[in-house]
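*Asks:* I'm passing along run-v6.cif; it holds mmCIF, C-alpha atoms.
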```cif
data_my_file
#
loop_
_atom_site.label_atom_id
_atom_site.label_comp_id
_atom_site.auth_asym_id
_atom_site.auth_seq_id
_atom_site.Cartn_x
_atom_site.Cartn_y
_atom_site.Cartn_z
CA MET A 1 0.00 0.00 0.00
CA LYS A 2 2.87 2.34 0.72
CA ARG A 3 4.26 1.70 -2.75
CA PHE A 4 0.85 2.36 -4.31
CA GLY A 5 0.45 5.51 -2.28
CA GLY A 6 3.89 6.68 -3.32
CA MET A 7 3.04 6.07 -6.96
CA MET A 8 -0.19 8.01 -6.60
CA PHE A 9 1.71 10.89 -5.00
CA LEU A 10 4.23 10.83 -7.84
CA MET A 11 1.47 10.79 -10.44
CA LEU A 12 -0.29 13.67 -8.68
CA GLY A 13 2.98 15.61 -8.60
CA LEU A 14 3.56 15.01 -12.31
CA SER A 15 0.00 16.10 -13.05
CA LEU A 16 0.36 19.30 -11.04
CA GLY A 17 3.72 19.92 -12.70
CA ALA A 18 2.12 19.57 -16.12
CA GLU A 19 -0.65 21.99 -15.14
CA THR A 20 1.90 24.50 -13.88
CA LEU A 21 3.87 24.18 -17.11
CA ALA A 22 0.71 24.67 -19.14
CA ALA A 23 0.00 27.85 -17.19
CA GLN A 24 3.37 29.27 -18.15
CA GLU A 25 2.66 31.21 -21.31
CA TRP A 26 6.32 31.20 -22.27
CA SER A 27 6.66 27.41 -22.37
CA GLN A 28 6.59 25.45 -25.65
CA PRO A 29 8.31 22.09 -24.99
CA TRP A 30 8.44 21.23 -28.69
CA ALA A 31 10.40 24.44 -29.35
CA ARG A 32 12.74 23.78 -26.43
CA ALA A 33 13.45 20.28 -27.82
CA ARG A 34 14.47 21.80 -31.16
CA ILE A 35 16.78 24.33 -29.49
CA GLU A 36 18.59 21.56 -27.67
CA LYS A 37 19.34 19.84 -31.00
CA SER A 38 20.71 22.96 -32.71
CA PRO A 39 24.33 22.85 -33.88
CA ARG A 40 24.63 26.65 -33.76
CA HIS A 41 26.46 28.59 -31.07
CA SER A 42 24.21 30.59 -28.78
CA GLU A 43 24.97 32.59 -25.67
CA TRP A 44 23.28 34.77 -23.10
CA VAL A 45 24.75 38.21 -22.57
CA THR A 46 23.80 40.96 -20.16
CA VAL A 47 23.37 44.29 -21.92
CA LYS A 48 23.60 47.16 -19.44
CA HIS A 49 22.29 50.68 -19.90
CA ASP A 50 20.91 53.41 -17.66
CA GLY A 51 20.92 51.20 -14.58
CA ARG A 52 19.15 48.32 -16.32
CA SER A 53 20.49 44.87 -17.14
CA VAL A 54 18.79 43.25 -20.13
CA GLU A 55 19.35 39.52 -20.54
CA THR A 56 19.79 38.94 -24.25
CA LEU A 57 20.06 35.80 -26.34
CA VAL A 58 22.55 35.90 -29.21
CA VAL A 59 22.62 33.09 -31.78
CA TYR A 60 25.35 32.99 -34.42
CA PRO A 61 25.09 31.61 -37.95
CA GLU A 62 27.64 29.12 -39.21
CA SER A 63 29.49 31.51 -41.53
CA LYS A 64 33.05 32.51 -42.30
CA ASP A 65 31.98 36.05 -43.22
CA LYS A 66 30.62 38.91 -41.16
CA ARG A 67 26.84 38.86 -41.17
CA PRO A 68 23.95 41.30 -40.64
CA VAL A 69 22.15 41.51 -37.31
CA VAL A 70 18.44 40.76 -36.92
CA LEU A 71 17.02 42.23 -33.72
CA LEU A 72 14.04 40.14 -32.66
CA ILE A 73 11.20 41.52 -30.53
CA HIS A 74 9.21 38.85 -28.74
CA GLU A 75 5.46 38.33 -28.53
CA ILE A 76 3.31 39.32 -25.58
CA PHE A 77 4.33 35.93 -24.16
CA GLY A 78 7.81 37.26 -23.45
CA LEU A 79 11.04 35.66 -24.60
CA SER A 80 9.37 32.27 -24.78
CA ASP A 81 10.82 28.93 -25.81
CA TRP A 82 9.42 29.57 -29.27
CA ALA A 83 10.97 33.05 -29.48
CA GLN A 84 14.34 31.52 -28.63
CA GLU A 85 13.83 28.75 -31.18
CA LEU A 86 12.95 31.37 -33.79
CA ALA A 87 16.25 33.12 -33.05
CA ASP A 88 17.98 29.86 -33.87
CA GLU A 89 16.06 29.64 -37.15
CA VAL A 90 17.12 33.17 -38.07
CA ALA A 91 20.72 32.21 -37.37
CA ALA A 92 20.29 29.10 -39.50
CA ALA A 93 19.26 31.42 -42.34
CA GLY A 94 22.61 33.19 -42.04
CA TYR A 95 22.05 36.11 -39.67
CA ILE A 96 23.17 37.04 -36.18
CA ALA A 97 19.97 36.79 -34.16
CA VAL A 98 19.73 39.07 -31.12
CA ALA A 99 16.71 38.59 -28.87
CA PRO A 100 16.52 40.74 -25.72
CA ASP A 101 14.23 39.62 -22.92
CA LEU A 102 12.31 42.83 -22.33
CA LEU A 103 10.98 41.42 -19.06
CA SER A 104 14.49 41.35 -17.59
CA GLY A 105 14.30 42.39 -13.97
CA MET A 106 10.50 42.33 -13.99
CA ALA A 107 9.86 38.81 -12.71
CA PRO A 108 9.77 37.77 -9.05
CA ASN A 109 13.19 38.25 -7.43
CA GLY A 110 14.35 40.31 -10.40
CA GLY A 111 14.16 37.48 -12.90
CA ARG A 112 13.12 37.46 -16.55
CA THR A 113 10.44 35.73 -18.64
CA LYS A 114 11.23 32.19 -17.53
CA ASP A 115 10.85 33.19 -13.88
CA PHE A 116 7.17 34.15 -14.21
CA PRO A 117 4.92 31.35 -12.94
CA THR A 118 1.96 33.23 -14.50
CA GLY A 119 1.13 36.76 -15.60
CA VAL A 120 3.64 37.18 -18.44
CA THR A 121 1.16 38.74 -20.86
CA GLU A 122 0.02 41.30 -18.31
CA ALA A 123 3.61 42.20 -17.47
CA VAL A 124 4.53 42.68 -21.13
CA SER A 125 1.44 44.78 -21.81
CA LYS A 126 2.43 47.14 -18.98
CA LEU A 127 6.03 47.70 -20.09
CA ASN A 128 6.98 51.36 -20.37
CA PRO A 129 7.40 52.26 -24.07
CA ASP A 130 10.45 54.45 -23.40
CA GLN A 131 12.10 51.63 -21.47
CA VAL A 132 11.37 49.23 -24.33
CA THR A 133 12.94 51.59 -26.84
CA ALA A 134 16.00 52.06 -24.63
CA ASP A 135 16.36 48.29 -24.16
CA LEU A 136 16.10 47.68 -27.89
CA ASN A 137 18.59 50.42 -28.72
CA ALA A 138 21.06 49.02 -26.20
CA ALA A 139 20.72 45.50 -27.59
CA ALA A 140 21.11 46.76 -31.17
CA ASP A 141 24.17 48.85 -30.27
CA TYR A 142 25.73 45.86 -28.53
CA ALA A 143 25.09 43.59 -31.51
CA LEU A 144 26.49 45.98 -34.08
CA LYS A 145 29.79 46.03 -32.18
CA LEU A 146 30.19 42.26 -32.30
CA PRO A 147 33.27 41.25 -34.30
CA ALA A 148 31.12 38.94 -36.42
CA ALA A 149 28.61 41.68 -37.32
CA SER A 150 28.71 43.34 -40.73
CA GLY A 151 27.17 46.62 -39.53
CA LYS A 152 23.78 46.04 -41.13
CA LEU A 153 20.75 46.03 -38.79
CA TYR A 154 17.25 44.65 -39.27
CA VAL A 155 14.39 44.39 -36.81
CA ALA A 156 11.53 41.91 -36.71
CA GLY A 157 8.78 41.40 -34.17
CA PHE A 158 5.68 39.32 -33.58
CA CYS A 159 2.27 40.08 -32.08
CA TRP A 160 3.02 42.71 -29.39
CA GLY A 161 6.54 42.71 -30.74
CA GLY A 162 5.21 43.41 -34.23
CA GLY A 163 3.73 46.67 -33.00
CA GLU A 164 6.95 47.48 -31.17
CA THR A 165 8.88 46.78 -34.37
CA PHE A 166 6.81 49.32 -36.29
CA ARG A 167 7.27 51.81 -33.46
CA PHE A 168 11.00 51.09 -33.19
CA ALA A 169 11.35 52.00 -36.86
CA THR A 170 10.20 55.52 -35.93
CA ASN A 171 13.06 55.78 -33.42
CA ARG A 172 16.00 54.00 -35.08
CA PRO A 173 17.31 55.73 -38.23
CA ASP A 174 20.00 53.18 -39.16
CA LEU A 175 17.65 50.24 -39.77
CA SER A 176 17.96 48.52 -43.14
CA ALA A 177 14.38 47.21 -42.90
CA ALA A 178 11.62 46.44 -40.39
CA PHE A 179 9.50 43.28 -40.52
CA VAL A 180 6.16 43.59 -38.75
CA PHE A 181 4.37 40.32 -38.05
CA TYR A 182 0.70 40.94 -37.16
CA GLY A 183 1.35 44.05 -35.10
CA PRO A 184 -0.43 47.44 -35.12
CA PRO A 185 1.12 50.60 -36.60
CA PRO A 186 2.48 53.58 -34.66
CA ALA A 187 0.75 56.94 -34.57
CA ALA A 188 0.48 58.48 -38.03
CA ASP A 189 2.40 61.59 -37.00
CA ALA A 190 5.38 59.42 -36.02
CA MET A 191 5.63 57.72 -39.41
CA SER A 192 7.52 60.66 -40.89
CA ARG A 193 10.52 59.64 -38.77
CA ILE A 194 10.78 56.20 -40.39
CA LYS A 195 13.83 55.81 -42.62
CA ALA A 196 13.68 52.09 -43.48
CA PRO A 197 11.19 50.16 -45.59
CA VAL A 198 8.56 48.37 -43.53
CA TYR A 199 7.24 44.97 -44.58
CA GLY A 200 4.04 43.65 -43.00
CA PHE A 201 2.91 40.05 -42.50
CA TYR A 202 -0.75 39.71 -41.51
CA ALA A 203 -3.34 36.98 -40.91
CA GLY A 204 -6.57 36.80 -42.86
CA ASN A 205 -8.50 35.67 -39.78
CA ASP A 206 -7.31 38.45 -37.51
CA ALA A 207 -9.86 41.25 -37.72
CA ARG A 208 -8.40 43.13 -34.74
CA ILE A 209 -5.04 43.75 -36.42
CA GLY A 210 -6.29 43.50 -39.99
CA ALA A 211 -8.51 46.51 -39.37
CA THR A 212 -5.40 48.64 -38.73
CA VAL A 213 -3.76 47.91 -42.08
CA PRO A 214 -5.75 50.35 -44.31
CA ASP A 215 -4.89 53.29 -42.05
CA ALA A 216 -1.26 52.15 -41.92
CA ILE A 217 -1.15 52.09 -45.72
CA ALA A 218 -2.65 55.57 -45.90
CA GLY A 219 -0.40 56.98 -43.18
CA MET A 220 2.80 55.56 -44.65
CA LYS A 221 1.83 56.75 -48.14
CA ALA A 222 1.12 60.25 -46.85
CA ALA A 223 4.52 60.25 -45.13
CA GLY A 224 6.22 59.10 -48.33
CA LYS A 225 7.45 55.85 -46.77
CA ILE A 226 7.78 52.31 -48.09
CA TYR A 227 5.22 49.95 -46.58
CA GLN A 228 4.41 46.62 -48.17
CA PRO A 229 1.84 44.51 -46.28
CA VAL A 230 0.84 40.98 -47.25
CA THR A 231 -2.15 39.17 -45.74
CA TYR A 232 -2.21 35.37 -45.61
CA ASP A 233 -5.72 34.03 -46.16
CA GLY A 234 -7.09 31.60 -43.61
CA ALA A 235 -4.26 32.15 -41.11
CA GLY A 236 -4.87 33.26 -37.56
CA HIS A 237 -3.06 35.76 -35.37
CA GLY A 238 0.29 34.34 -34.24
CA PHE A 239 0.69 32.05 -37.25
CA MET A 240 4.49 32.11 -37.15
CA ARG A 241 4.36 30.27 -33.83
CA ALA A 242 1.09 28.41 -34.33
CA GLY A 243 2.15 27.29 -37.80
CA GLU A 244 5.21 25.59 -36.36
CA ALA A 245 3.47 23.83 -33.48
CA PRO A 246 2.77 20.09 -33.67
CA ASP A 247 -0.99 20.77 -33.89
CA ALA A 248 -0.69 23.47 -36.59
CA SER A 249 -3.63 24.01 -38.91
CA ASP A 250 -2.98 23.76 -42.64
CA ALA A 251 -3.64 27.49 -43.09
CA ASN A 252 -1.26 28.53 -40.31
CA ARG A 253 1.41 26.13 -41.52
CA LYS A 254 1.18 27.48 -45.07
CA ALA A 255 1.19 31.10 -43.89
CA ARG A 256 4.31 30.44 -41.87
CA GLU A 257 6.07 28.73 -44.77
CA ASP A 258 5.14 31.49 -47.22
CA SER A 259 6.15 34.20 -44.73
CA TRP A 260 9.52 32.57 -44.17
CA LYS A 261 10.19 32.51 -47.91
CA ARG A 262 9.23 36.15 -48.25
CA TRP A 263 11.15 37.21 -45.15
CA LYS A 264 14.37 35.50 -46.21
CA ALA A 265 14.08 36.87 -49.73
CA LEU A 266 13.70 40.42 -48.37
CA LEU A 267 16.65 39.95 -45.99
CA ALA A 268 18.80 38.83 -48.89
CA GLN A 269 18.12 41.96 -50.96
#
```
As structure tokens, what does this structure read like?

*Replies:*
Amino acid sequence: MKRFGGMMFLMLGLSLGAETLAAQEWSQPWARARIEKSPRHSEWVTVKHDGRSVETLVVYPESKDKRPVVLLIHEIFGLSDWAQELADEVAAAGYIAVAPDLLSGMAPNGGRTKDFPTGVTEAVSKLNPDQVTADLNAAADYALKLPAASGKLYVAGFCWGGGETFRFATNRPDLSAAFVFYGPPPAADAMSRIKAPVYGFYAGNDARIGATVPDAIAGMKAAGKIYQPVTYDGAGHGFMRAGEAPDASDANRKAREDSWKRWKALLAQ
């Protein structure tokens, strides 16, 4: 009976552990498994600025030449397992992927995304925009000084990070291009500050963000800026992550594949 009771306790513990893991918005075990199999070199660095320490993931491509930097801005789920796996995919495509955890110092005991038991989305949604910009600038400046960096800088973001990407383009004049994945545009009066072309990737079944695209087109046109949005029919919001998951729908999987082809083609220009 003791053995049976011990087994029941173990099973209960495993069940509770699974429920806790499921509650952690940043956890995608399938993405973590892929990271662990990657042959590419990755490292965590601490980027310091203005009294802040921003934990930042850097993943290097396997290349003998200096390569451009792609600054990645995570979803509202923080620097999740998937966001880290995406950084590895960007490096596999031949770019230095730099992914700052914008929740650095915000978790219990001063931790980052992985240290939130719950509440990641609320914490991200309450981040101070000026702090976000400063964190991103610091991460970009750090990356451009890497010996392996060519001096060319791109930015790409997803969901909440897609909106921050569009906004970052209004504040960073040396960008070569900005890639906005299903994120809203900045204020129209800020668009005049954008120097780089902006490329949008949107989901057909995402009325909330899709409704912002016509005004973004009009605002960017009025400001004389390059803005090229593409909408993927049948896909839902978050299709870059959802389209890679084991339970991906056909539409999300196709949208992700088509977006990757377009994204890599634009990076190679």

*Asks:* Of the residues A:Leu102, A:Met220, A:Leu136, A:Val58, which is the one nearest to A:Gly78, using all atoms listed in the file?

*Replies:*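 Among the listed residues, A:Leu102 lies closest to A:Gly78.
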
*Asks:* Mind telling me what the PyMOL selection byres ((chain A and resi 130-134) around 12) catches here, as number ranges by chain?

*Replies:* A: 47-54, 73-74, 100-104, 124-129, 135-141, 160-161, 163-172

*Asks:* Can I get the selected residues back with C-alpha atoms, as a PDB file, in the coordinates of the input?

*Replies:*
```pdb
ATOM      1  CA  VAL A  47      23.370  44.290 -21.920  1.00  0.00           C
ATOM      2  CA  LYS A  48      23.600  47.160 -19.440  1.00  0.00           C
ATOM      3  CA  HIS A  49      22.290  50.680 -19.900  1.00  0.00           C
ATOM      4  CA  ASP A  50      20.910  53.410 -17.660  1.00  0.00           C
ATOM      5  CA  GLY A  51      20.920  51.200 -14.580  1.00  0.00           C
ATOM      6  CA  ARG A  52      19.150  48.320 -16.320  1.00  0.00           C
ATOM      7  CA  SER A  53      20.490  44.870 -17.140  1.00  0.00           C
ATOM      8  CA  VAL A  54      18.790  43.250 -20.130  1.00  0.00           C
ATOM      9  CA  ILE A  73      11.200  41.520 -30.530  1.00  0.00           C
ATOM     10  CA  HIS A  74       9.210  38.850 -28.740  1.00  0.00           C
ATOM     11  CA  PRO A 100      16.520  40.740 -25.720  1.00  0.00           C
ATOM     12  CA  ASP A 101      14.230  39.620 -22.920  1.00  0.00           C
ATOM     13  CA  LEU A 102      12.310  42.830 -22.330  1.00  0.00           C
ATOM     14  CA  LEU A 103      10.980  41.420 -19.060  1.00  0.00           C
ATOM     15  CA  SER A 104      14.490  41.350 -17.590  1.00  0.00           C
ATOM     16  CA  VAL A 124       4.530  42.680 -21.130  1.00  0.00           C
ATOM     17  CA  SER A 125       1.440  44.780 -21.810  1.00  0.00           C
ATOM     18  CA  LYS A 126       2.430  47.140 -18.980  1.00  0.00           C
ATOM     19  CA  LEU A 127       6.030  47.700 -20.090  1.00  0.00           C
ATOM     20  CA  ASN A 128       6.980  51.360 -20.370  1.00  0.00           C
ATOM     21  CA  PRO A 129       7.400  52.260 -24.070  1.00  0.00           C
ATOM     22  CA  ASP A 135      16.360  48.290 -24.160  1.00  0.00           C
ATOM     23  CA  LEU A 136      16.100  47.680 -27.890  1.00  0.00           C
ATOM     24  CA  ASN A 137      18.590  50.420 -28.720  1.00  0.00           C
ATOM     25  CA  ALA A 138      21.060  49.020 -26.200  1.00  0.00           C
ATOM     26  CA  ALA A 139      20.720  45.500 -27.590  1.00  0.00           C
ATOM     27  CA  ALA A 140      21.110  46.760 -31.170  1.00  0.00           C
ATOM     28  CA  ASP A 141      24.170  48.850 -30.270  1.00  0.00           C
ATOM     29  CA  TRP A 160       3.020  42.710 -29.390  1.00  0.00           C
ATOM     30  CA  GLY A 161       6.540  42.710 -30.740  1.00  0.00           C
ATOM     31  CA  GLY A 163       3.730  46.670 -33.000  1.00  0.00           C
ATOM     32  CA  GLU A 164       6.950  47.480 -31.170  1.00  0.00           C
ATOM     33  CA  THR A 165       8.880  46.780 -34.370  1.00  0.00           C
ATOM     34  CA  PHE A 166       6.810  49.320 -36.290  1.00  0.00           C
ATOM     35  CA  ARG A 167       7.270  51.810 -33.460  1.00  0.00           C
ATOM     36  CA  PHE A 168      11.000  51.090 -33.190  1.00  0.00           C
ATOM     37  CA  ALA A 169      11.350  52.000 -36.860  1.00  0.00           C
ATOM     38  CA  THR A 170      10.200  55.520 -35.930  1.00  0.00           C
ATOM     39  CA  ASN A 171      13.060  55.780 -33.420  1.00  0.00           C
ATOM     40  CA  ARG A 172      16.000  54.000 -35.080  1.00  0.00           C
TER      41      ARG A 172
END
```

*Asks:* Given the point (9.6, 57.5, -45.3) in the file's coordinates, find the residues that have an atom at most 6 Å from it, counting all atoms listed in the file, and give them as a VMD selection string.

*Replies:* chain A and resid 192 194 to 195 223 to 225

*Asks:* Atom CA of A:Gly200 and atom CA of A:Thr121 are how many Å apart?

*Replies:*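 Computing the Euclidean distance for atom CA of A:Gly200 and atom CA of A:Thr121 yields 22.9 Å.
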
*Asks:* Given the PyMOL selection byres ((chain A and resi 247-258) around 10) and the file above, list the residues it selects as a list in words.

*Replies:*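 Residues picked by the PyMOL selection byres ((chain A and resi 247-258) around 10): Phe201, Tyr202, Ala203, Gly204, Thr231, Tyr232, Asp233, Gly234, Ala235, Gly236, His237, Gly238, Phe239, Met240, Arg241, Ala242, Gly243, Glu244, Ala245, Pro246, Ser259, Trp260, Lys261, Arg262 and Trp263 of chain A.
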
*Asks:* Take the point (11.9, 31.6, -26.9) as written in the file and pick out every residue within 12 Å of it, counting only C-alpha atoms; give the list as a ChimeraX atom specification.

*Replies:* /A:25-35,56-59,72-89,98-101,112-114,158,241

*Asks:* Taking the file as shown, find all residues satisfying the PyMOL selection byres ((chain A and resi 146) around 12) and write them as a list in words.

*Replies:*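 Selected by the PyMOL selection byres ((chain A and resi 146) around 12) in this file: Val45, Val58, Val59, Tyr60, Lys66, Arg67, Pro68, Val69, Ile96, Ala97, Val98, Ala139, Ala140, Asp141, Tyr142, Ala143, Leu144, Lys145, Pro147, Ala148, Ala149, Ser150, Gly151 and Lys152 of chain A.
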
*Asks:* Axis-aligned box over every listed atom of stretch 139-155 of chain A, padded by 5 Å per side: centre and edges in Å to one decimal, as lines of an AutoDock Vina configuration file?

*Replies:*
```
center_x = 23.8
center_y = 43.9
center_z = -34.4
size_x = 28.9
size_y = 19.9
size_z = 23.5
```

*Asks:* If I take atom CA of A:Gly94 and atom CA of A:Pro61, how far is one from the other in Å, to one decimal?

*Replies:*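 Answer for the atom CA of A:Gly94 to atom CA of A:Pro61 separation: 5.0 Å.
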
*Asks:* Measuring atom to atom with only C-alpha atoms, identify which of A:Phe116, A:Tyr95, A:Tyr154, A:Phe181 is nearest to A:Arg40.

*Replies:*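 Closest candidate: A:Tyr95.
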
*Asks:* Do you have the atom CA of A:Gln228-atom CA of A:Val90 distance handy?

*Replies:*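 Answer for the atom CA of A:Gln228 to atom CA of A:Val90 separation: 21.1 Å.
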
*Asks:* Compile the contact shell of A:Val198 as a list in words: residues with an atom at most 8 Å away, counting all atoms listed in the file, same-chain residues fewer than 2 positions apart removed.

*Replies:* Phe166, Ala177, Ala178, Phe179, Val180, Ala196, Gly200, Ile226, Tyr227 and Gln228 of chain A

*Asks:* Any chance you could model all heavy atoms for stretch 126-136 of chain A and send them as a PDB file, in the frame of the given file?

*Replies:*
```
ATOM      1  N   LYS A 126       2.235  45.951 -19.823  1.00  0.00           N
ATOM      2  CA  LYS A 126       2.430  47.140 -18.980  1.00  0.00           C
ATOM      3  C   LYS A 126       3.845  47.718 -19.070  1.00  0.00           C
ATOM      4  O   LYS A 126       4.180  48.649 -18.342  1.00  0.00           O
ATOM      5  CB  LYS A 126       2.109  46.786 -17.527  1.00  0.00           C
ATOM      6  CG  LYS A 126       0.632  46.518 -17.274  1.00  0.00           C
ATOM      7  CD  LYS A 126       0.354  46.214 -15.821  1.00  0.00           C
ATOM      8  CE  LYS A 126      -1.136  45.998 -15.564  1.00  0.00           C
ATOM      9  NZ  LYS A 126      -1.414  45.681 -14.140  1.00  0.00           N
ATOM     10  N   LEU A 127       4.676  47.174 -19.957  1.00  0.00           N
ATOM     11  CA  LEU A 127       6.030  47.700 -20.090  1.00  0.00           C
ATOM     12  C   LEU A 127       6.006  49.154 -20.553  1.00  0.00           C
ATOM     13  O   LEU A 127       5.206  49.533 -21.416  1.00  0.00           O
ATOM     14  CB  LEU A 127       6.843  46.861 -21.079  1.00  0.00           C
ATOM     15  CG  LEU A 127       7.315  45.495 -20.575  1.00  0.00           C
ATOM     16  CD1 LEU A 127       7.957  44.706 -21.729  1.00  0.00           C
ATOM     17  CD2 LEU A 127       8.297  45.645 -19.423  1.00  0.00           C
ATOM     18  N   ASN A 128       6.883  49.948 -19.996  1.00  0.00           N
ATOM     19  CA  ASN A 128       6.980  51.360 -20.370  1.00  0.00           C
ATOM     20  C   ASN A 128       7.577  51.488 -21.769  1.00  0.00           C
ATOM     21  O   ASN A 128       8.665  50.956 -22.027  1.00  0.00           O
ATOM     22  CB  ASN A 128       7.876  52.084 -19.353  1.00  0.00           C
ATOM     23  CG  ASN A 128       8.002  53.557 -19.644  1.00  0.00           C
ATOM     24  OD1 ASN A 128       8.649  53.950 -20.609  1.00  0.00           O
ATOM     25  ND2 ASN A 128       7.415  54.385 -18.803  1.00  0.00           N
ATOM     26  N   PRO A 129       6.909  52.165 -22.700  1.00  0.00           N
ATOM     27  CA  PRO A 129       7.400  52.260 -24.070  1.00  0.00           C
ATOM     28  C   PRO A 129       8.812  52.856 -24.173  1.00  0.00           C
ATOM     29  O   PRO A 129       9.626  52.402 -24.983  1.00  0.00           O
ATOM     30  CB  PRO A 129       6.376  53.157 -24.760  1.00  0.00           C
ATOM     31  CG  PRO A 129       5.129  52.970 -23.969  1.00  0.00           C
ATOM     32  CD  PRO A 129       5.580  52.802 -22.551  1.00  0.00           C
ATOM     33  N   ASP A 130       9.111  53.857 -23.359  1.00  0.00           N
ATOM     34  CA  ASP A 130      10.450  54.450 -23.400  1.00  0.00           C
ATOM     35  C   ASP A 130      11.511  53.464 -22.937  1.00  0.00           C
ATOM     36  O   ASP A 130      12.627  53.428 -23.468  1.00  0.00           O
ATOM     37  CB  ASP A 130      10.497  55.716 -22.540  1.00  0.00           C
ATOM     38  CG  ASP A 130       9.674  56.852 -23.112  1.00  0.00           C
ATOM     39  OD1 ASP A 130       9.431  56.851 -24.339  1.00  0.00           O
ATOM     40  OD2 ASP A 130       9.264  57.739 -22.339  1.00  0.00           O
ATOM     41  N   GLN A 131      11.160  52.653 -21.940  1.00  0.00           N
ATOM     42  CA  GLN A 131      12.100  51.630 -21.470  1.00  0.00           C
ATOM     43  C   GLN A 131      12.324  50.591 -22.560  1.00  0.00           C
ATOM     44  O   GLN A 131      13.453  50.140 -22.781  1.00  0.00           O
ATOM     45  CB  GLN A 131      11.553  50.951 -20.218  1.00  0.00           C
ATOM     46  CG  GLN A 131      12.429  49.805 -19.714  1.00  0.00           C
ATOM     47  CD  GLN A 131      11.874  49.160 -18.461  1.00  0.00           C
ATOM     48  OE1 GLN A 131      11.828  49.798 -17.408  1.00  0.00           O
ATOM     49  NE2 GLN A 131      11.441  47.906 -18.569  1.00  0.00           N
ATOM     50  N   VAL A 132      11.246  50.202 -23.246  1.00  0.00           N
ATOM     51  CA  VAL A 132      11.370  49.230 -24.330  1.00  0.00           C
ATOM     52  C   VAL A 132      12.295  49.759 -25.415  1.00  0.00           C
ATOM     53  O   VAL A 132      13.196  49.054 -25.886  1.00  0.00           O
ATOM     54  CB  VAL A 132       9.981  48.892 -24.915  1.00  0.00           C
ATOM     55  CG1 VAL A 132      10.119  48.072 -26.194  1.00  0.00           C
ATOM     56  CG2 VAL A 132       9.140  48.134 -23.898  1.00  0.00           C
ATOM     57  N   THR A 133      12.092  50.996 -25.810  1.00  0.00           N
ATOM     58  CA  THR A 133      12.940  51.590 -26.840  1.00  0.00           C
ATOM     59  C   THR A 133      14.399  51.622 -26.390  1.00  0.00           C
ATOM     60  O   THR A 133      15.305  51.292 -27.164  1.00  0.00           O
ATOM     61  CB  THR A 133      12.476  53.018 -27.168  1.00  0.00           C
ATOM     62  OG1 THR A 133      11.143  52.970 -27.682  1.00  0.00           O
ATOM     63  CG2 THR A 133      13.381  53.668 -28.209  1.00  0.00           C
ATOM     64  N   ALA A 134      14.635  51.994 -25.150  1.00  0.00           N
ATOM     65  CA  ALA A 134      16.000  52.060 -24.630  1.00  0.00           C
ATOM     66  C   ALA A 134      16.638  50.662 -24.589  1.00  0.00           C
ATOM     67  O   ALA A 134      17.817  50.494 -24.931  1.00  0.00           O
ATOM     68  CB  ALA A 134      16.012  52.691 -23.242  1.00  0.00           C
ATOM     69  N   ASP A 135      15.860  49.665 -24.179  1.00  0.00           N
ATOM     70  CA  ASP A 135      16.360  48.290 -24.160  1.00  0.00           C
ATOM     71  C   ASP A 135      16.728  47.823 -25.559  1.00  0.00           C
ATOM     72  O   ASP A 135      17.780  47.201 -25.783  1.00  0.00           O
ATOM     73  CB  ASP A 135      15.314  47.344 -23.574  1.00  0.00           C
ATOM     74  CG  ASP A 135      15.158  47.457 -22.065  1.00  0.00           C
ATOM     75  OD1 ASP A 135      15.924  48.222 -21.430  1.00  0.00           O
ATOM     76  OD2 ASP A 135      14.266  46.785 -21.515  1.00  0.00           O
ATOM     77  N   LEU A 136      15.859  48.099 -26.512  1.00  0.00           N
ATOM     78  CA  LEU A 136      16.100  47.680 -27.890  1.00  0.00           C
ATOM     79  C   LEU A 136      17.315  48.390 -28.480  1.00  0.00           C
ATOM     80  O   LEU A 136      18.140  47.778 -29.172  1.00  0.00           O
ATOM     81  CB  LEU A 136      14.867  47.929 -28.739  1.00  0.00           C
ATOM     82  CG  LEU A 136      13.623  47.113 -28.391  1.00  0.00           C
ATOM     83  CD1 LEU A 136      12.424  47.584 -29.198  1.00  0.00           C
ATOM     84  CD2 LEU A 136      13.865  45.622 -28.631  1.00  0.00           C
TER      85      LEU A 136
END
```
